[in-house]
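target_37.csv (CSV, C-alpha atoms and all ligand atoms)
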chain,number,residue,atom,x,y,z
A,22,MET,CA,172.3,167.3,-34.6
A,23,THR,CA,174.1,170.3,-36.2
A,24,ASN,CA,177.2,168.3,-37.3
A,25,ASP,CA,175.1,165.8,-39.3
A,26,ARG,CA,176.2,165.4,-42.9
A,27,PRO,CA,173.3,163.9,-44.9
A,28,LEU,CA,174.6,162.2,-48.1
A,29,THR,CA,173.2,163.6,-51.3
A,30,ALA,CA,171.4,161.5,-53.8
A,31,ALA,CA,174.4,161.7,-56.1
A,32,GLU,CA,176.7,160.5,-53.3
A,33,LYS,CA,174.4,157.6,-52.5
A,34,HIS,CA,174.3,156.6,-56.1
A,35,GLN,CA,178.1,156.8,-56.4
A,36,TRP,CA,178.5,154.6,-53.3
A,37,LYS,CA,176.2,152.0,-54.8
A,38,GLN,CA,177.8,152.2,-58.2
A,39,ASP,CA,181.5,152.6,-57.5
A,40,GLY,CA,182.0,151.4,-53.9
A,41,TYR,CA,183.8,154.5,-52.7
A,42,LEU,CA,183.2,158.1,-51.9
A,43,LEU,CA,185.6,161.0,-51.6
A,44,LEU,CA,184.0,163.5,-49.2
A,45,ARG,CA,185.8,166.9,-49.2
A,46,GLY,CA,186.2,168.9,-46.0
A,47,LEU,CA,184.4,166.4,-43.7
A,48,ILE,CA,186.8,166.4,-40.8
A,49,PRO,CA,187.2,169.4,-38.6
A,50,ARG,CA,190.7,170.9,-38.5
A,51,GLU,CA,191.0,170.6,-34.7
A,52,ARG,CA,190.4,166.8,-34.7
A,53,LEU,CA,193.3,166.5,-37.3
A,54,THR,CA,195.5,168.8,-35.3
A,55,ALA,CA,195.0,166.6,-32.2
A,56,VAL,CA,195.9,163.4,-34.2
A,57,GLN,CA,199.0,165.1,-35.6
A,58,HIS,CA,200.1,165.8,-32.0
A,59,THR,CA,199.7,162.1,-31.2
A,60,PHE,CA,201.8,161.2,-34.3
A,61,GLU,CA,204.4,163.8,-33.3
A,62,GLU,CA,204.7,162.2,-29.9
A,63,ALA,CA,205.2,158.8,-31.5
A,64,VAL,CA,208.0,160.3,-33.7
A,65,GLU,CA,209.6,161.9,-30.7
A,66,LYS,CA,209.7,158.5,-28.9
A,67,ILE,CA,211.2,156.8,-32.0
A,68,LEU,CA,213.9,159.4,-32.3
A,69,GLN,CA,214.8,159.3,-28.6
A,70,THR,CA,215.1,155.5,-28.9
A,71,LEU,CA,217.5,155.9,-31.8
A,72,ARG,CA,219.5,158.6,-30.0
A,73,ARG,CA,219.7,156.4,-26.9
A,74,ASP,CA,221.0,153.4,-28.7
A,75,GLY,CA,223.6,155.5,-30.6
A,76,SER,CA,222.0,155.1,-34.1
A,77,ILE,CA,221.6,158.9,-34.4
A,78,THR,CA,223.0,161.9,-32.6
A,79,ASP,CA,220.5,164.6,-33.6
A,80,THR,CA,216.8,164.2,-33.3
A,81,LYS,CA,216.2,167.4,-35.3
A,82,PRO,CA,213.4,168.8,-33.1
A,83,ASN,CA,212.9,171.9,-35.2
A,84,ILE,CA,212.2,170.2,-38.5
A,85,PRO,CA,208.5,170.3,-39.5
A,86,PHE,CA,206.2,167.3,-39.0
A,87,ASP,CA,206.1,166.4,-42.8
A,88,ARG,CA,209.9,166.0,-42.8
A,89,ARG,CA,211.3,165.3,-39.3
A,90,LEU,CA,211.1,161.5,-39.2
A,91,ALA,CA,212.6,161.1,-42.6
A,92,GLU,CA,215.4,163.6,-42.0
A,93,ALA,CA,216.3,162.5,-38.5
A,94,ALA,CA,215.9,158.8,-38.8
A,95,GLY,CA,216.2,158.1,-42.6
A,96,ALA,CA,216.1,154.4,-43.4
A,97,LEU,CA,216.1,153.6,-39.7
A,98,ALA,CA,212.5,154.7,-39.5
A,99,GLY,CA,211.5,151.4,-41.2
A,100,LYS,CA,212.7,149.5,-38.1
A,101,PHE,CA,209.5,150.8,-36.3
A,102,GLY,CA,207.1,149.3,-38.8
A,103,ARG,CA,205.1,150.3,-41.8
A,104,SER,CA,201.9,151.1,-40.0
A,105,TRP,CA,201.4,152.1,-36.3
A,106,ARG,CA,198.5,151.1,-34.1
A,107,LYS,CA,199.2,150.7,-30.4
A,108,GLU,CA,201.6,153.7,-30.6
A,109,ILE,CA,198.7,156.0,-31.6
A,110,ALA,CA,195.8,154.4,-29.7
A,111,GLN,CA,194.9,157.6,-27.8
A,112,ARG,CA,192.1,159.9,-27.2
A,113,SER,CA,192.7,161.9,-30.3
A,114,VAL,CA,192.2,158.9,-32.5
A,115,PHE,CA,189.0,157.9,-30.6
A,116,ASP,CA,187.8,161.5,-31.0
A,117,LEU,CA,188.6,161.4,-34.8
A,118,GLN,CA,186.6,158.2,-35.3
A,119,THR,CA,183.7,159.6,-33.2
A,120,THR,CA,183.6,162.9,-35.0
A,121,PRO,CA,179.9,163.5,-35.5
A,122,ALA,CA,180.0,164.3,-39.2
A,123,LEU,CA,182.0,161.2,-40.0
A,124,ALA,CA,180.0,158.9,-37.7
A,125,HIS,CA,176.8,160.3,-39.3
A,126,VAL,CA,178.1,159.4,-42.8
A,127,ALA,CA,179.2,155.9,-41.6
A,128,ALA,CA,175.7,155.3,-40.0
A,129,GLN,CA,174.0,156.2,-43.3
A,130,LEU,CA,176.3,153.9,-45.3
A,131,THR,CA,175.8,150.9,-42.9
A,132,GLY,CA,172.1,151.5,-42.6
A,133,GLY,CA,171.6,153.0,-39.2
A,134,ASP,CA,174.4,152.5,-36.7
A,135,ALA,CA,178.0,153.5,-36.7
A,136,ILE,CA,179.9,150.7,-35.0
A,137,GLY,CA,183.7,151.0,-34.7
A,138,HIS,CA,186.0,148.2,-36.1
A,139,PRO,CA,189.2,147.4,-34.2
A,140,VAL,CA,191.7,148.1,-37.0
A,141,PHE,CA,193.2,151.5,-37.5
A,142,ASN,CA,196.7,152.6,-38.7
A,143,ALA,CA,198.9,155.6,-38.8
A,144,ARG,CA,200.9,155.4,-42.1
A,145,PRO,CA,204.0,157.4,-42.5
A,146,LYS,CA,205.1,157.0,-46.1
A,147,LEU,CA,208.7,158.2,-46.4
A,148,PRO,CA,210.3,159.6,-49.6
A,149,GLY,CA,211.3,156.8,-51.9
A,150,GLN,CA,210.4,154.1,-49.4
A,151,GLN,CA,209.6,150.7,-50.8
A,152,LEU,CA,208.3,149.4,-47.4
A,153,THR,CA,205.1,151.4,-47.6
A,154,ILE,CA,204.1,150.9,-51.2
A,155,VAL,CA,200.8,149.0,-50.8
A,156,PRO,CA,199.7,146.7,-53.7
A,157,TRP,CA,196.2,146.2,-55.0
A,158,HIS,CA,194.1,144.5,-52.4
A,159,GLN,CA,190.6,144.3,-50.8
A,160,ASP,CA,190.7,144.8,-47.0
A,161,SER,CA,188.8,141.5,-46.6
A,162,GLY,CA,192.0,139.9,-47.9
A,163,TYR,CA,193.4,140.7,-44.4
A,164,PHE,CA,190.2,140.2,-42.5
A,165,GLY,CA,189.6,136.7,-44.0
A,166,ALA,CA,186.7,135.0,-45.9
A,167,ALA,CA,184.4,135.2,-42.8
A,168,SER,CA,184.3,139.0,-43.4
A,169,GLU,CA,183.4,138.7,-47.1
A,170,LYS,CA,179.7,139.3,-46.7
A,171,SER,CA,180.2,141.9,-44.0
A,172,LEU,CA,180.1,145.6,-44.7
A,173,ILE,CA,183.3,147.2,-43.4
A,174,LEU,CA,184.0,150.8,-44.2
A,175,THR,CA,187.6,152.0,-44.4
A,176,VAL,CA,187.9,155.7,-44.0
A,177,TRP,CA,191.3,157.0,-45.2
A,178,ILE,CA,192.3,160.5,-44.0
A,179,PRO,CA,195.4,162.4,-45.0
A,180,LEU,CA,197.1,164.7,-42.5
A,181,VAL,CA,199.0,166.4,-45.4
A,182,PRO,CA,198.0,167.2,-49.0
A,183,VAL,CA,198.3,164.0,-51.1
A,184,ASP,CA,198.6,163.3,-54.8
A,185,ARG,CA,200.4,160.9,-57.0
A,186,SER,CA,203.8,162.3,-56.2
A,187,ASN,CA,203.7,161.5,-52.5
A,188,GLY,CA,201.9,158.2,-52.7
A,189,CYS,CA,198.2,158.8,-52.5
A,190,LEU,CA,195.6,156.1,-52.8
A,191,GLN,CA,194.0,154.7,-56.0
A,192,VAL,CA,190.7,152.8,-56.1
A,193,ILE,CA,189.1,150.8,-58.9
A,194,PRO,CA,185.4,151.8,-59.1
A,195,GLY,CA,182.9,148.9,-59.1
A,196,THR,CA,185.2,146.3,-57.7
A,197,HIS,CA,183.1,146.2,-54.5
A,198,LYS,CA,180.6,144.1,-56.5
A,199,LEU,CA,183.2,141.3,-56.9
A,200,ASN,CA,183.8,138.4,-54.5
A,201,LEU,CA,186.8,138.3,-52.3
A,202,ARG,CA,189.8,137.7,-54.6
A,203,ASN,CA,192.7,135.4,-53.9
A,204,HIS,CA,195.4,137.3,-52.0
A,205,THR,CA,199.1,136.3,-51.8
A,206,GLN,CA,202.0,137.8,-50.0
A,207,GLU,CA,204.0,140.1,-52.3
A,208,ALA,CA,207.8,139.7,-52.7
A,209,ARG,CA,208.5,143.4,-52.0
A,210,GLU,CA,209.9,144.7,-48.7
A,211,GLY,CA,206.4,145.5,-47.3
A,212,GLN,CA,205.3,141.9,-47.7
A,213,PHE,CA,201.7,143.1,-48.0
A,214,LEU,CA,198.9,140.9,-49.4
A,215,GLU,CA,198.3,141.4,-53.1
A,216,ALA,CA,195.1,140.6,-54.9
A,217,ASP,CA,194.6,138.5,-58.0
A,218,LEU,CA,193.6,141.2,-60.5
A,219,SER,CA,192.7,138.9,-63.4
A,220,GLY,CA,189.7,140.2,-65.3
A,221,ILE,CA,189.8,143.6,-63.6
A,222,ASP,CA,190.6,146.7,-65.8
A,223,GLU,CA,193.4,148.5,-63.9
A,224,SER,CA,193.2,151.4,-66.3
A,225,LYS,CA,189.9,152.4,-64.7
A,226,ALA,CA,191.8,153.2,-61.4
A,227,VAL,CA,190.9,156.6,-59.9
A,228,THR,CA,193.8,158.5,-58.3
A,229,CYS,CA,192.6,160.2,-55.1
A,230,THR,CA,194.2,163.6,-54.7
A,231,MET,CA,193.2,164.9,-51.3
A,232,GLN,CA,193.6,167.7,-48.8
A,233,PRO,CA,193.6,167.4,-45.0
A,234,GLY,CA,190.0,167.4,-43.9
A,235,ASP,CA,188.9,165.1,-46.8
A,236,ALA,CA,187.9,161.5,-46.2
A,237,LEU,CA,188.1,158.7,-48.7
A,238,ILE,CA,185.6,155.9,-47.8
A,239,PHE,CA,185.5,152.5,-49.4
A,240,THR,CA,184.2,149.0,-48.7
A,241,ASN,CA,186.1,145.8,-47.6
A,242,LEU,CA,185.8,144.5,-51.2
A,243,THR,CA,186.8,147.7,-53.1
A,244,MET,CA,190.2,147.2,-54.8
A,245,HIS,CA,192.7,149.9,-53.7
A,246,ARG,CA,196.4,150.5,-53.4
A,247,SER,CA,198.9,153.2,-52.5
A,248,LEU,CA,201.7,154.5,-54.8
A,249,GLU,CA,205.4,155.1,-54.2
A,250,SER,CA,206.3,158.5,-53.0
A,251,THR,CA,208.8,160.4,-55.1
A,252,ALA,CA,208.2,163.6,-53.0
A,253,PRO,CA,210.7,165.0,-50.5
A,254,THR,CA,208.2,165.0,-47.7
A,255,ILE,CA,206.4,162.4,-45.6
A,256,ARG,CA,202.9,161.3,-46.6
A,257,TRP,CA,201.1,161.1,-43.2
A,258,SER,CA,197.7,159.5,-43.0
A,259,ILE,CA,195.4,157.5,-40.8
A,260,ASP,CA,192.9,154.8,-41.8
A,261,LEU,CA,189.9,154.0,-39.6
A,262,ARG,CA,187.1,151.4,-39.9
A,263,TYR,CA,183.4,151.0,-39.2
A,264,ILE,CA,181.4,147.8,-39.4
A,265,ARG,CA,177.6,147.2,-40.0
A,266,ASP,CA,176.1,146.2,-36.7
A,267,GLY,CA,176.1,142.4,-36.2
A,268,ASP,CA,178.4,141.6,-39.2
A,269,PRO,CA,181.3,139.2,-38.6
A,270,LEU,CA,184.6,140.9,-38.1
A,271,GLY,CA,186.5,138.0,-39.6
A,272,ALA,CA,190.0,137.1,-38.5
A,273,ILE,CA,190.9,140.4,-36.7
A,274,THR,CA,188.8,140.9,-33.6
A,275,TRP,CA,188.6,142.8,-30.4
A,276,HIS,CA,190.7,141.4,-27.5
A,277,ASP,CA,187.4,140.8,-25.7
A,278,PRO,CA,185.1,139.1,-28.3
A,279,ASN,CA,182.1,140.5,-26.6
A,280,PHE,CA,183.3,144.1,-26.8
A,281,LYS,CA,181.3,146.3,-29.2
A,282,TRP,CA,182.3,149.9,-30.0
A,283,VAL,CA,179.0,151.8,-30.4
A,284,ILE,CA,179.8,155.2,-31.9
A,285,ARG,CA,176.3,156.3,-33.0
A,286,SER,CA,173.1,154.4,-32.8
A,287,PRO,CA,169.4,155.3,-32.5
A,288,THR,CA,169.0,152.5,-29.9
A,289,GLN,CA,172.3,151.8,-28.2
A,290,PRO,CA,174.3,154.0,-25.8
A,291,PRO,CA,177.7,155.1,-27.2
A,292,THR,CA,180.8,153.5,-25.8
A,293,ASP,CA,183.1,155.6,-23.7
A,294,TYR,CA,186.8,156.1,-24.4
A,295,ALA,CA,188.0,154.1,-21.3
A,296,PRO,CA,186.7,150.6,-22.4
A,297,TRP,CA,187.9,151.2,-25.9
A,298,ALA,CA,191.4,152.1,-24.7
A,299,ALA,CA,191.4,149.2,-22.2
A,300,ASP,CA,190.6,146.7,-25.0
A,301,ILE,CA,193.3,148.0,-27.3
A,302,GLN,CA,195.9,147.9,-24.5
A,303,GLN,CA,195.4,144.1,-24.3
A,304,TRP,CA,195.9,143.5,-28.0
A,305,PRO,CA,198.8,141.1,-28.8
A,306,TRP,CA,200.0,143.3,-31.7
A,401,LIG,O1,197.8,154.2,-46.6
A,401,LIG,C1,198.2,153.4,-47.4
A,401,LIG,O2,199.3,153.6,-48.0
A,401,LIG,C2,197.4,152.2,-47.7
A,401,LIG,C3,196.1,152.2,-47.0
A,401,LIG,C4,195.3,150.9,-47.2
A,401,LIG,O3,195.6,150.1,-48.1
A,401,LIG,C5,194.2,150.7,-46.3
A,401,LIG,O4,193.9,151.5,-45.5
A,401,LIG,O5,193.6,149.6,-46.5
Using structure tokens, write down the structure that the file contains.
Amino acid sequence: MTNDRPLTAAEKHQWKQDGYLLLRGLIPRERLTAVQHTFEEAVEKILQTLRRDGSITDTKPNIPFDRRLAEAAGALAGKFGRSWRKEIAQRSVFDLQTTPALAHVAAQLTGGDAIGHPVFNARPKLPGQQLTIVPWHQDSGYFGAASEKSLILTVWIPLVPVDRSNGCLQVIPGTHKLNLRNHTQEAREGQFLEADLSGIDESKAVTCTMQPGDALIFTNLTMHRSLESTAPTIRWSIDLRYIRDGDPLGAITWHDPNFKWVIRSPTQPPTDYAPWAADIQQWPW
């Protein structure tokens, strides 16, 4: 298959050693453009809601994507949540996750099959916003102890250039070799889960500066966080997940517990868009 992206020996070594990989230029531009359109539609809906209820008078249709939600809604944007899922559960997101180059990488890391995980999020991080500062955690802190021995890959993809100034991600290499740490709810506005970092050297954190098209991949035990944005623009990103075939999902499951999202497999036929979308539409959240 022409879009296959074999991992190099150095990348495989880094994955084993550090529990994360930052792959540059993996995602084709047209897949990101389609996802951006989906996000733009979600923004339009929010702004029309705020206009209808009288909270704003101008939806600022001509402001670019990386500023519109912040400039038209300001602090009111937070009313619509810190991460969006059902709002963006559309063909473009399905197509992003099934992008051949990405699915091929996921299949290599899980050992043969790329199986989709139910959790994905759009994350608009607004300038100066406290709500979207995500403290150190392992994703299994959310998925629960039953997922500790599973291999779940988080793939974090920016839609705009990201660095420290607009709240990019940081990872701590090697933390994927730890057990699941105790997580408690933070006191900040976002009320995210925060991991017990005792014995972990935070100074080893790697700041992941990225461009659209890059993908940051890490495990459900790799310690990571996102920083505050001090930039004037919105940090737009999406995070997707894959799971090793047969591993327990933990606490967050498909609506139909027998549903399996086969994306790429040498032995199983791939799942079509319709059953994926149908399962998501029944989610309680
Ligand atoms: O996008 C962010 O700010 C945080 C992402 C994250 O923590 C995750 O995807 O697990």
Which residues are near ligand LIG 401 (chain A) - at most 10 Å, using all atoms listed in the file? Format: as a CSV table (one decimal) with C-alpha atoms, in the coordinates of the input.
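The resulting part.csv:
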chain,number,residue,atom,x,y,z
A,103,ARG,CA,205.1,150.3,-41.8
A,104,SER,CA,201.9,151.1,-40.0
A,140,VAL,CA,191.7,148.1,-37.0
A,141,PHE,CA,193.2,151.5,-37.5
A,142,ASN,CA,196.7,152.6,-38.7
A,143,ALA,CA,198.9,155.6,-38.8
A,144,ARG,CA,200.9,155.4,-42.1
A,145,PRO,CA,204.0,157.4,-42.5
A,146,LYS,CA,205.1,157.0,-46.1
A,152,LEU,CA,208.3,149.4,-47.4
A,153,THR,CA,205.1,151.4,-47.6
A,154,ILE,CA,204.1,150.9,-51.2
A,155,VAL,CA,200.8,149.0,-50.8
A,156,PRO,CA,199.7,146.7,-53.7
A,157,TRP,CA,196.2,146.2,-55.0
A,158,HIS,CA,194.1,144.5,-52.4
A,159,GLN,CA,190.6,144.3,-50.8
A,160,ASP,CA,190.7,144.8,-47.0
A,161,SER,CA,188.8,141.5,-46.6
A,162,GLY,CA,192.0,139.9,-47.9
A,163,TYR,CA,193.4,140.7,-44.4
A,174,LEU,CA,184.0,150.8,-44.2
A,175,THR,CA,187.6,152.0,-44.4
A,176,VAL,CA,187.9,155.7,-44.0
A,177,TRP,CA,191.3,157.0,-45.2
A,178,ILE,CA,192.3,160.5,-44.0
A,179,PRO,CA,195.4,162.4,-45.0
A,188,GLY,CA,201.9,158.2,-52.7
A,189,CYS,CA,198.2,158.8,-52.5
A,190,LEU,CA,195.6,156.1,-52.8
A,191,GLN,CA,194.0,154.7,-56.0
A,192,VAL,CA,190.7,152.8,-56.1
A,213,PHE,CA,201.7,143.1,-48.0
A,214,LEU,CA,198.9,140.9,-49.4
A,237,LEU,CA,188.1,158.7,-48.7
A,238,ILE,CA,185.6,155.9,-47.8
A,239,PHE,CA,185.5,152.5,-49.4
A,240,THR,CA,184.2,149.0,-48.7
A,241,ASN,CA,186.1,145.8,-47.6
A,243,THR,CA,186.8,147.7,-53.1
A,244,MET,CA,190.2,147.2,-54.8
A,245,HIS,CA,192.7,149.9,-53.7
A,246,ARG,CA,196.4,150.5,-53.4
A,247,SER,CA,198.9,153.2,-52.5
A,248,LEU,CA,201.7,154.5,-54.8
A,249,GLU,CA,205.4,155.1,-54.2
A,250,SER,CA,206.3,158.5,-53.0
A,256,ARG,CA,202.9,161.3,-46.6
A,257,TRP,CA,201.1,161.1,-43.2
A,258,SER,CA,197.7,159.5,-43.0
A,259,ILE,CA,195.4,157.5,-40.8
A,260,ASP,CA,192.9,154.8,-41.8
A,261,LEU,CA,189.9,154.0,-39.6
A,262,ARG,CA,187.1,151.4,-39.9
### Query
Can you list, as a PyMOL selection string, every protein, DNA or RNA residue that comes within 9 Å of A:Lys170 when you count all atoms listed in the file, leaving out same-chain residues fewer than 3 positions away?
chain A and resi 166-167+200+268-269
### Selection near A:Asp300, 7 Å with all atoms listed in the file, sequence-local residues under 4 positions removed, as a ChimeraX atom specification
/A:275-277,296,304
### Task
Please indicate the distance in Å from atom CA of A:Ala91 to atom CA of A:Arg209, rounded to one decimal place.
20.5 Å
### Query
Pick the closest to A:Phe115 from A:Pro85, A:Gly220, A:Pro139, A:Gly40: which is it, counting only C-alpha atoms?
A:Pro139
### Task
For each of A:Val227, A:Lys107, A:Arg52, A:Pro121, take the minimum atom-to-atom distance to A:Ala299, counting only C-alpha atoms, then give the residue where this is smallest.
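Result for the nearest residue to A:Ala299: A:Lys107.
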### Query
For A:Ile221, which residue among A:Pro291, A:Gly133, A:Gly102, A:Pro194 is the nearest when counting all atoms listed in the file?
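That would be A:Pro194, the residue with the smallest distance to A:Ile221.
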### Message
With only C-alpha atoms as the counted atoms, please give the residues lying no more than 12 Å from A:Trp36, apart from itself and same-chain residues fewer than 2 positions off, as a PyMOL selection string.
### Response
chain A and resi 28-34+38-44+126-127+129-131+174+194-198+237-240+243
### Query
By how many Å are atom CA of A:Ser286 and atom CA of A:Gly137 apart?
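Computing it gives 11.3 Å between the two atoms.
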### Query
Which residue out of A:His125, A:Arg45, A:His58, A:Lys37 has the minimum interatomic distance to A:Gly234 when all atoms listed in the file are used?
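Smallest distance to A:Gly234 is found for A:Arg45.
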### Task
Using atom CA of A:Ala252 and atom CA of A:Leu218 as the two end points, give the distance in Å to one decimal.
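Distance reported for this atom pair: 27.8 Å.
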#### Entry: Spatial neighbours of stretch 87-90 of chain A, 12 Å, all atoms listed in the file, chain gap at least 4 places, as JSON, numbers by chain
{"A": [57, 60, 61, 62, 63, 64, 65, 66, 67, 68, 69, 71, 77, 79, 80, 81, 82, 83, 94, 95, 96, 97, 98, 99, 101, 145, 146, 147, 148, 179, 180, 181, 182, 183, 187, 252, 253, 254, 255, 256, 257, 258]}
Go ahead and dump the residues you just picked, C-alpha atoms, as an mmCIF file, keeping the file's coordinate frame.
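So selection.cif came out as:
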data_model
loop_
_atom_site.group_PDB
_atom_site.id
_atom_site.type_symbol
_atom_site.label_atom_id
_atom_site.label_comp_id
_atom_site.auth_asym_id
_atom_site.auth_seq_id
_atom_site.Cartn_x
_atom_site.Cartn_y
_atom_site.Cartn_z
ATOM 1 C CA GLN A 57 199.000 165.100 -35.600
ATOM 2 C CA PHE A 60 201.800 161.200 -34.300
ATOM 3 C CA GLU A 61 204.400 163.800 -33.300
ATOM 4 C CA GLU A 62 204.700 162.200 -29.900
ATOM 5 C CA ALA A 63 205.200 158.800 -31.500
ATOM 6 C CA VAL A 64 208.000 160.300 -33.700
ATOM 7 C CA GLU A 65 209.600 161.900 -30.700
ATOM 8 C CA LYS A 66 209.700 158.500 -28.900
ATOM 9 C CA ILE A 67 211.200 156.800 -32.000
ATOM 10 C CA LEU A 68 213.900 159.400 -32.300
ATOM 11 C CA GLN A 69 214.800 159.300 -28.600
ATOM 12 C CA LEU A 71 217.500 155.900 -31.800
ATOM 13 C CA ILE A 77 221.600 158.900 -34.400
ATOM 14 C CA ASP A 79 220.500 164.600 -33.600
ATOM 15 C CA THR A 80 216.800 164.200 -33.300
ATOM 16 C CA LYS A 81 216.200 167.400 -35.300
ATOM 17 C CA PRO A 82 213.400 168.800 -33.100
ATOM 18 C CA ASN A 83 212.900 171.900 -35.200
ATOM 19 C CA ALA A 94 215.900 158.800 -38.800
ATOM 20 C CA GLY A 95 216.200 158.100 -42.600
ATOM 21 C CA ALA A 96 216.100 154.400 -43.400
ATOM 22 C CA LEU A 97 216.100 153.600 -39.700
ATOM 23 C CA ALA A 98 212.500 154.700 -39.500
ATOM 24 C CA GLY A 99 211.500 151.400 -41.200
ATOM 25 C CA PHE A 101 209.500 150.800 -36.300
ATOM 26 C CA PRO A 145 204.000 157.400 -42.500
ATOM 27 C CA LYS A 146 205.100 157.000 -46.100
ATOM 28 C CA LEU A 147 208.700 158.200 -46.400
ATOM 29 C CA PRO A 148 210.300 159.600 -49.600
ATOM 30 C CA PRO A 179 195.400 162.400 -45.000
ATOM 31 C CA LEU A 180 197.100 164.700 -42.500
ATOM 32 C CA VAL A 181 199.000 166.400 -45.400
ATOM 33 C CA PRO A 182 198.000 167.200 -49.000
ATOM 34 C CA VAL A 183 198.300 164.000 -51.100
ATOM 35 C CA ASN A 187 203.700 161.500 -52.500
ATOM 36 C CA ALA A 252 208.200 163.600 -53.000
ATOM 37 C CA PRO A 253 210.700 165.000 -50.500
ATOM 38 C CA THR A 254 208.200 165.000 -47.700
ATOM 39 C CA ILE A 255 206.400 162.400 -45.600
ATOM 40 C CA ARG A 256 202.900 161.300 -46.600
ATOM 41 C CA TRP A 257 201.100 161.100 -43.200
ATOM 42 C CA SER A 258 197.700 159.500 -43.000
#
